[in-house]
$ cat model32.pdb   # PDB, C-alpha atoms and all ligand atoms
ATOM      1  CA  MET X   1      24.923 -53.487   6.791
ATOM      2  CA  LYS X   2      23.495 -56.374   4.804
ATOM      3  CA  SER X   3      22.388 -58.198   7.941
ATOM      4  CA  LEU X   4      20.710 -55.050   9.225
ATOM      5  CA  ILE X   5      18.593 -54.800   6.061
ATOM      6  CA  VAL X   6      17.585 -58.457   6.344
ATOM      7  CA  ALA X   7      16.627 -57.906   9.968
ATOM      8  CA  MET X   8      14.503 -54.894   9.036
ATOM      9  CA  LEU X   9      12.696 -56.826   6.304
ATOM     10  CA  ALA X  10      11.991 -59.705   8.666
ATOM     11  CA  CYS X  11      10.662 -57.276  11.234
ATOM     12  CA  SER X  12       8.334 -55.565   8.783
ATOM     13  CA  THR X  13       6.977 -58.892   7.473
ATOM     14  CA  ALA X  14       6.217 -60.020  11.028
ATOM     15  CA  ALA X  15       4.472 -56.726  11.762
ATOM     16  CA  PHE X  16       2.257 -57.092   8.670
ATOM     17  CA  ALA X  17       1.264 -60.647   9.576
ATOM     18  CA  GLN X  18       0.411 -59.562  13.087
ATOM     19  CA  ASP X  19      -1.636 -56.575  11.929
ATOM     20  CA  ALA X  20      -3.721 -58.352   9.265
ATOM     21  CA  ALA X  21      -7.205 -58.830  10.679
ATOM     22  CA  THR X  22      -8.563 -62.348  10.489
ATOM     23  CA  ALA X  23     -11.908 -64.052  10.994
ATOM     24  CA  LYS X  24     -13.315 -67.539  10.605
ATOM     25  CA  ALA X  25     -16.503 -69.426   9.846
ATOM     26  CA  GLU X  26     -17.447 -73.035  10.530
ATOM     27  CA  LEU X  27     -19.794 -74.338   7.831
ATOM     28  CA  LYS X  28     -22.507 -76.808   8.782
ATOM     29  CA  ASP X  29     -25.078 -78.584   6.639
ATOM     30  CA  ALA X  30     -28.832 -78.535   7.278
ATOM     31  CA  LYS X  31     -28.507 -81.515   9.649
ATOM     32  CA  GLY X  32     -25.922 -79.686  11.767
ATOM     33  CA  ALA X  33     -22.895 -81.681  10.617
ATOM     34  CA  VAL X  34     -19.669 -79.719  10.171
ATOM     35  CA  VAL X  35     -18.771 -79.728   6.458
ATOM     36  CA  GLY X  36     -16.108 -77.053   6.263
ATOM     37  CA  GLN X  37     -13.926 -74.348   7.714
ATOM     38  CA  ALA X  38     -13.297 -70.905   6.266
ATOM     39  CA  MET X  39     -10.360 -68.729   7.320
ATOM     40  CA  LEU X  40     -10.632 -65.065   6.334
ATOM     41  CA  THR X  41      -7.719 -62.646   6.112
ATOM     42  CA  ASP X  42      -8.097 -58.931   5.446
ATOM     43  CA  SER X  43      -5.928 -57.185   2.850
ATOM     44  CA  PRO X  44      -5.826 -53.768   1.190
ATOM     45  CA  ASN X  45      -7.669 -55.347  -1.784
ATOM     46  CA  GLY X  46     -10.425 -57.246  -0.015
ATOM     47  CA  VAL X  47     -10.760 -60.341   2.115
ATOM     48  CA  LEU X  48      -9.011 -63.568   1.153
ATOM     49  CA  ILE X  49     -11.147 -66.575   2.088
ATOM     50  CA  HIS X  50      -9.427 -69.961   2.471
ATOM     51  CA  VAL X  51     -11.972 -72.780   2.546
ATOM     52  CA  VAL X  52     -11.613 -76.475   3.405
ATOM     53  CA  LEU X  53     -14.730 -78.535   2.604
ATOM     54  CA  THR X  54     -15.557 -82.195   3.177
ATOM     55  CA  GLY X  55     -18.691 -84.287   2.689
ATOM     56  CA  MET X  56     -20.277 -81.956   0.157
ATOM     57  CA  PRO X  57     -22.354 -83.090  -2.851
ATOM     58  CA  ALA X  58     -20.371 -83.171  -6.102
ATOM     59  CA  GLY X  59     -20.919 -80.590  -8.809
ATOM     60  CA  PRO X  60     -21.098 -76.820  -9.154
ATOM     61  CA  HIS X  61     -22.349 -74.853  -6.168
ATOM     62  CA  ALA X  62     -22.974 -71.158  -5.674
ATOM     63  CA  PHE X  63     -20.884 -69.652  -2.869
ATOM     64  CA  HIS X  64     -21.936 -66.323  -1.386
ATOM     65  CA  ILE X  65     -21.598 -64.053   1.615
ATOM     66  CA  HIS X  66     -25.057 -63.364   3.082
ATOM     67  CA  GLU X  67     -26.182 -60.298   5.007
ATOM     68  CA  THR X  68     -27.099 -61.767   8.403
ATOM     69  CA  GLY X  69     -24.881 -63.758  10.743
ATOM     70  CA  THR X  70     -27.460 -66.390  11.672
ATOM     71  CA  CYS X  71     -27.375 -69.985  10.379
ATOM     72  CA  GLU X  72     -30.530 -71.894  11.304
ATOM     73  CA  ALA X  73     -31.567 -74.590   8.800
ATOM     74  CA  PRO X  74     -32.752 -74.202   6.088
ATOM     75  CA  PHE X  75     -30.569 -71.095   6.399
ATOM     76  CA  THR X  76     -33.074 -68.507   5.190
ATOM     77  CA  SER X  77     -32.057 -66.914   8.524
ATOM     78  CA  ALA X  78     -28.896 -65.685   6.783
ATOM     79  CA  GLY X  79     -30.991 -63.272   4.705
ATOM     80  CA  GLY X  80     -30.120 -62.138   1.188
ATOM     81  CA  HIS X  81     -26.678 -61.606  -0.267
ATOM     82  CA  PHE X  82     -24.434 -59.099   1.523
ATOM     83  CA  ASN X  83     -25.210 -55.996  -0.518
ATOM     84  CA  PRO X  84     -24.180 -52.727   1.157
ATOM     85  CA  GLY X  85     -23.957 -51.057  -2.269
ATOM     86  CA  ALA X  86     -27.644 -51.741  -3.089
ATOM     87  CA  LYS X  87     -26.752 -53.415  -6.411
ATOM     88  CA  GLN X  88     -28.465 -56.274  -8.264
ATOM     89  CA  HIS X  89     -27.142 -59.825  -8.179
ATOM     90  CA  GLY X  90     -24.399 -61.196 -10.339
ATOM     91  CA  MET X  91     -21.050 -60.416 -11.898
ATOM     92  CA  SER X  92     -22.665 -60.727 -15.374
ATOM     93  CA  ASN X  93     -25.524 -58.393 -14.448
ATOM     94  CA  PRO X  94     -24.976 -54.831 -15.747
ATOM     95  CA  ALA X  95     -26.659 -53.560 -12.554
ATOM     96  CA  GLY X  96     -24.541 -55.848 -10.351
ATOM     97  CA  MET X  97     -22.935 -57.055  -8.386
ATOM     98  CA  HIS X  98     -23.468 -57.753  -4.699
ATOM     99  CA  ALA X  99     -20.399 -57.386  -2.481
ATOM    100  CA  GLY X 100     -21.149 -60.941  -1.334
ATOM    101  CA  ASP X 101     -21.188 -62.483  -4.832
ATOM    102  CA  LEU X 102     -18.380 -64.986  -5.383
ATOM    103  CA  PRO X 103     -17.509 -67.506  -8.136
ATOM    104  CA  ASN X 104     -19.065 -70.974  -8.207
ATOM    105  CA  VAL X 105     -17.260 -73.815  -6.491
ATOM    106  CA  GLN X 106     -16.834 -77.149  -8.301
ATOM    107  CA  ILE X 107     -16.948 -80.011  -5.787
ATOM    108  CA  PRO X 108     -15.276 -83.247  -7.022
ATOM    109  CA  ALA X 109     -16.775 -86.731  -6.676
ATOM    110  CA  ASP X 110     -15.222 -87.357  -3.247
ATOM    111  CA  GLY X 111     -16.940 -84.285  -1.809
ATOM    112  CA  ALA X 112     -13.724 -82.705  -0.532
ATOM    113  CA  LEU X 113     -12.214 -79.461  -1.793
ATOM    114  CA  THR X 114      -9.769 -76.844  -0.541
ATOM    115  CA  PHE X 115      -9.739 -73.501  -2.326
ATOM    116  CA  ASP X 116      -9.045 -69.788  -1.949
ATOM    117  CA  VAL X 117     -11.268 -66.979  -3.141
ATOM    118  CA  MET X 118     -10.854 -63.198  -2.983
ATOM    119  CA  ALA X 119     -13.886 -61.148  -1.928
ATOM    120  CA  ARG X 120     -12.852 -57.762  -3.289
ATOM    121  CA  ASP X 121     -15.682 -55.521  -2.075
ATOM    122  CA  VAL X 122     -15.639 -56.422   1.614
ATOM    123  CA  THR X 123     -13.433 -55.816   4.654
ATOM    124  CA  LEU X 124     -12.834 -57.114   8.165
ATOM    125  CA  GLY X 125     -12.287 -53.506   9.268
ATOM    126  CA  ALA X 126     -14.884 -50.888  10.058
ATOM    127  CA  GLY X 127     -17.551 -49.525   7.711
ATOM    128  CA  ALA X 128     -20.609 -50.542   5.722
ATOM    129  CA  ASN X 129     -18.745 -53.282   3.843
ATOM    130  CA  SER X 130     -17.477 -54.996   6.990
ATOM    131  CA  LEU X 131     -18.147 -58.719   7.335
ATOM    132  CA  LEU X 132     -18.048 -58.131  11.116
ATOM    133  CA  LYS X 133     -20.791 -55.447  11.095
ATOM    134  CA  ALA X 134     -23.558 -55.406  13.713
ATOM    135  CA  GLY X 135     -25.751 -58.434  13.073
ATOM    136  CA  GLY X 136     -22.892 -60.222  11.368
ATOM    137  CA  THR X 137     -22.630 -61.975   8.011
ATOM    138  CA  ALA X 138     -22.610 -65.609   6.916
ATOM    139  CA  ILE X 139     -20.939 -67.730   4.242
ATOM    140  CA  VAL X 140     -23.482 -69.866   2.373
ATOM    141  CA  MET X 141     -23.218 -72.675  -0.200
ATOM    142  CA  HIS X 142     -26.180 -73.451  -2.442
ATOM    143  CA  ALA X 143     -27.502 -76.665  -4.032
ATOM    144  CA  ALA X 144     -26.880 -75.467  -7.608
ATOM    145  CA  GLY X 145     -24.507 -73.197  -9.488
ATOM    146  CA  ASP X 146     -24.956 -69.432  -9.700
ATOM    147  CA  ASP X 147     -25.876 -68.171 -13.187
ATOM    148  CA  TYR X 148     -24.165 -64.865 -12.269
ATOM    149  CA  LYS X 149     -27.073 -62.738 -13.496
ATOM    150  CA  THR X 150     -30.533 -63.682 -12.125
ATOM    151  CA  ASN X 151     -31.579 -61.245  -9.403
ATOM    152  CA  PRO X 152     -31.535 -61.654  -6.436
ATOM    153  CA  ALA X 153     -29.630 -64.918  -5.959
ATOM    154  CA  GLY X 154     -28.430 -66.386  -9.270
ATOM    155  CA  ALA X 155     -31.083 -69.143  -9.451
ATOM    156  CA  ALA X 156     -28.821 -71.233  -7.231
ATOM    157  CA  GLY X 157     -31.497 -73.164  -5.344
ATOM    158  CA  ALA X 158     -31.607 -74.229  -1.709
ATOM    159  CA  ARG X 159     -28.983 -73.329   0.864
ATOM    160  CA  ILE X 160     -27.067 -76.472   1.802
ATOM    161  CA  ALA X 161     -24.350 -75.163   4.123
ATOM    162  CA  CYS X 162     -23.910 -72.053   6.254
ATOM    163  CA  GLY X 163     -21.301 -70.570   8.565
ATOM    164  CA  VAL X 164     -21.368 -67.367  10.609
ATOM    165  CA  VAL X 165     -18.316 -65.117  10.184
ATOM    166  CA  THR X 166     -16.734 -64.543  13.605
ATOM    167  CA  LYS X 167     -13.480 -63.063  14.895
TER     168      LYS X 167
HETATM  169 ZN    ZN X 201     -25.859 -61.906  -5.116
END
$ encode --input "model32.pdb" --output "structure tokens"
Amino acid sequence: MKSLIVAMLACSTAAFAQDAATAKAELKDAKGAVVGQAMLTDSPNGVLIHVVLTGMPAGPHAFHIHETGTCEAPFTSAGGHFNPGAKQHGMSNPAGMHAGDLPNVQIPADGALTFDVMARDVTLGAGANSLLKAGGTAIVMHAAGDDYKTNPAGAAGARIACGVVTK
């Protein structure tokens, strides 16, 4: 009986892993060099984004999901922040926040960083909050940190890396 229960647990874990929708994004800088990979995994509580960066400038950098899946330098092609809820920018803004707003990333002196971040208000499934909607979405890193309150983009400066979210 004990072995049967173990077998059932193993089976259900495998089924969950197989069912979880995933997506990816390759981040490039404005010169077209690959500077990172993002792996996205859907969950009942949002999308977990696992990011591996190399060759990035040290310091704090805003990290957002933008509303258009097009990355042509200087990356204004990615549009504004992904904002299906028509809110203002920033987690410290009483009228915020955008679904695409995420915490700042602190890049160390060697320019390499691996981190995980949870995007709670988005999905890889269907609906208005889908990162795989028509027209797509993009992951963008900015030159400066996000102040978490200045509409519409947190006073985070230029866009220094961009990656289109794809299946
Ligand atoms: Zn925003």
$ atom_distance --input "model32.pdb" --atom1 "atom CA of X:Gly154" --atom2 "atom CA of X:Ala33"
25.7 Å
$ closest_residue --input "model32.pdb" --among "X:Asn83, X:Thr114, X:Gln106, X:Ser43" --to "ligand ZN 201 (chain X)" --atoms "only C-alpha atoms and all ligand atoms"
X:Asn83
$ resolve_selection --input "model32.pdb" --expression "the PyMOL selection byres (((chain X and resi 71) around 8) and not hetatm)" --output "list in words"
Gly69, Thr70, Glu72, Ala73, Phe75, Thr76, Ser77, Ala78, Ala138, Cys162, Gly163 and Val164 of chain X
$ resolve_selection --input "model32.pdb" --expression "the PyMOL selection byres (((chain X and resi 132) around 10) and not hetatm)" --output "PyMOL selection string"
chain X and resi 23+69+122-131+133-138+164-167
$ residues_near_ligand --input "model32.pdb" --ligand "ligand ZN 201 (chain X)" --cutoff "9 Å" --atoms "only C-alpha atoms and all ligand atoms" --output "PyMOL selection string"
chain X and resi 64-66+80-83+87-91+96-102+146+148-154
$ axis_aligned_box --input "model32.pdb" --around "stretch 64-77 of chain X" --padding-each-side "4 Å" --output "JSON"
{"center_x": -27.3, "center_y": -67.4, "center_z": 5.1, "size_x": 19.5, "size_y": 22.3, "size_z": 21.1}
$ residues_near_point --input "model32.pdb" --point "(-20.4, -73.1, -10.8)" --cutoff "6 Å" --atoms "all atoms listed in the file" --output "count of residues only"
7
$ resolve_selection --input "model32.pdb" --expression "the PyMOL selection byres (((chain X and resi 57) around 8) and not hetatm)" --output "MDAnalysis selection string"
chainID X and resid 55:56 58:59 107 109 111
$ write_last_selection --input "model32.pdb" --atoms "C-alpha atoms" --output "PDB file, keeping the file's coordinate frame"
ATOM      1  CA  GLY X  55     -18.691 -84.287   2.689  1.00  0.00           C
ATOM      2  CA  MET X  56     -20.277 -81.956   0.157  1.00  0.00           C
ATOM      3  CA  ALA X  58     -20.371 -83.171  -6.102  1.00  0.00           C
ATOM      4  CA  GLY X  59     -20.919 -80.590  -8.809  1.00  0.00           C
ATOM      5  CA  ILE X 107     -16.948 -80.011  -5.787  1.00  0.00           C
ATOM      6  CA  ALA X 109     -16.775 -86.731  -6.676  1.00  0.00           C
ATOM      7  CA  GLY X 111     -16.940 -84.285  -1.809  1.00  0.00           C
TER       8      GLY X 111
END
$ atom_distance --input "model32.pdb" --atom1 "atom CA of X:Val140" --atom2 "atom CA of X:Leu27"
8.0 Å
$ atom_distance --input "model32.pdb" --atom1 "atom CA of X:Arg120" --atom2 "atom CA of X:Gly79"
20.6 Å
$ residues_near_point --input "model32.pdb" --point "(-10.3, -64.7, 1.0)" --cutoff "10 Å" --atoms "all atoms listed in the file" --output "list of chain:residue names"
X:Thr22, X:Ala38, X:Met39, X:Leu40, X:Thr41, X:Asp42, X:Ser43, X:Gly46, X:Val47, X:Leu48, X:Ile49, X:His50, X:Val51, X:Phe115, X:Asp116, X:Val117, X:Met118, X:Ala119, X:Arg120, X:Val122
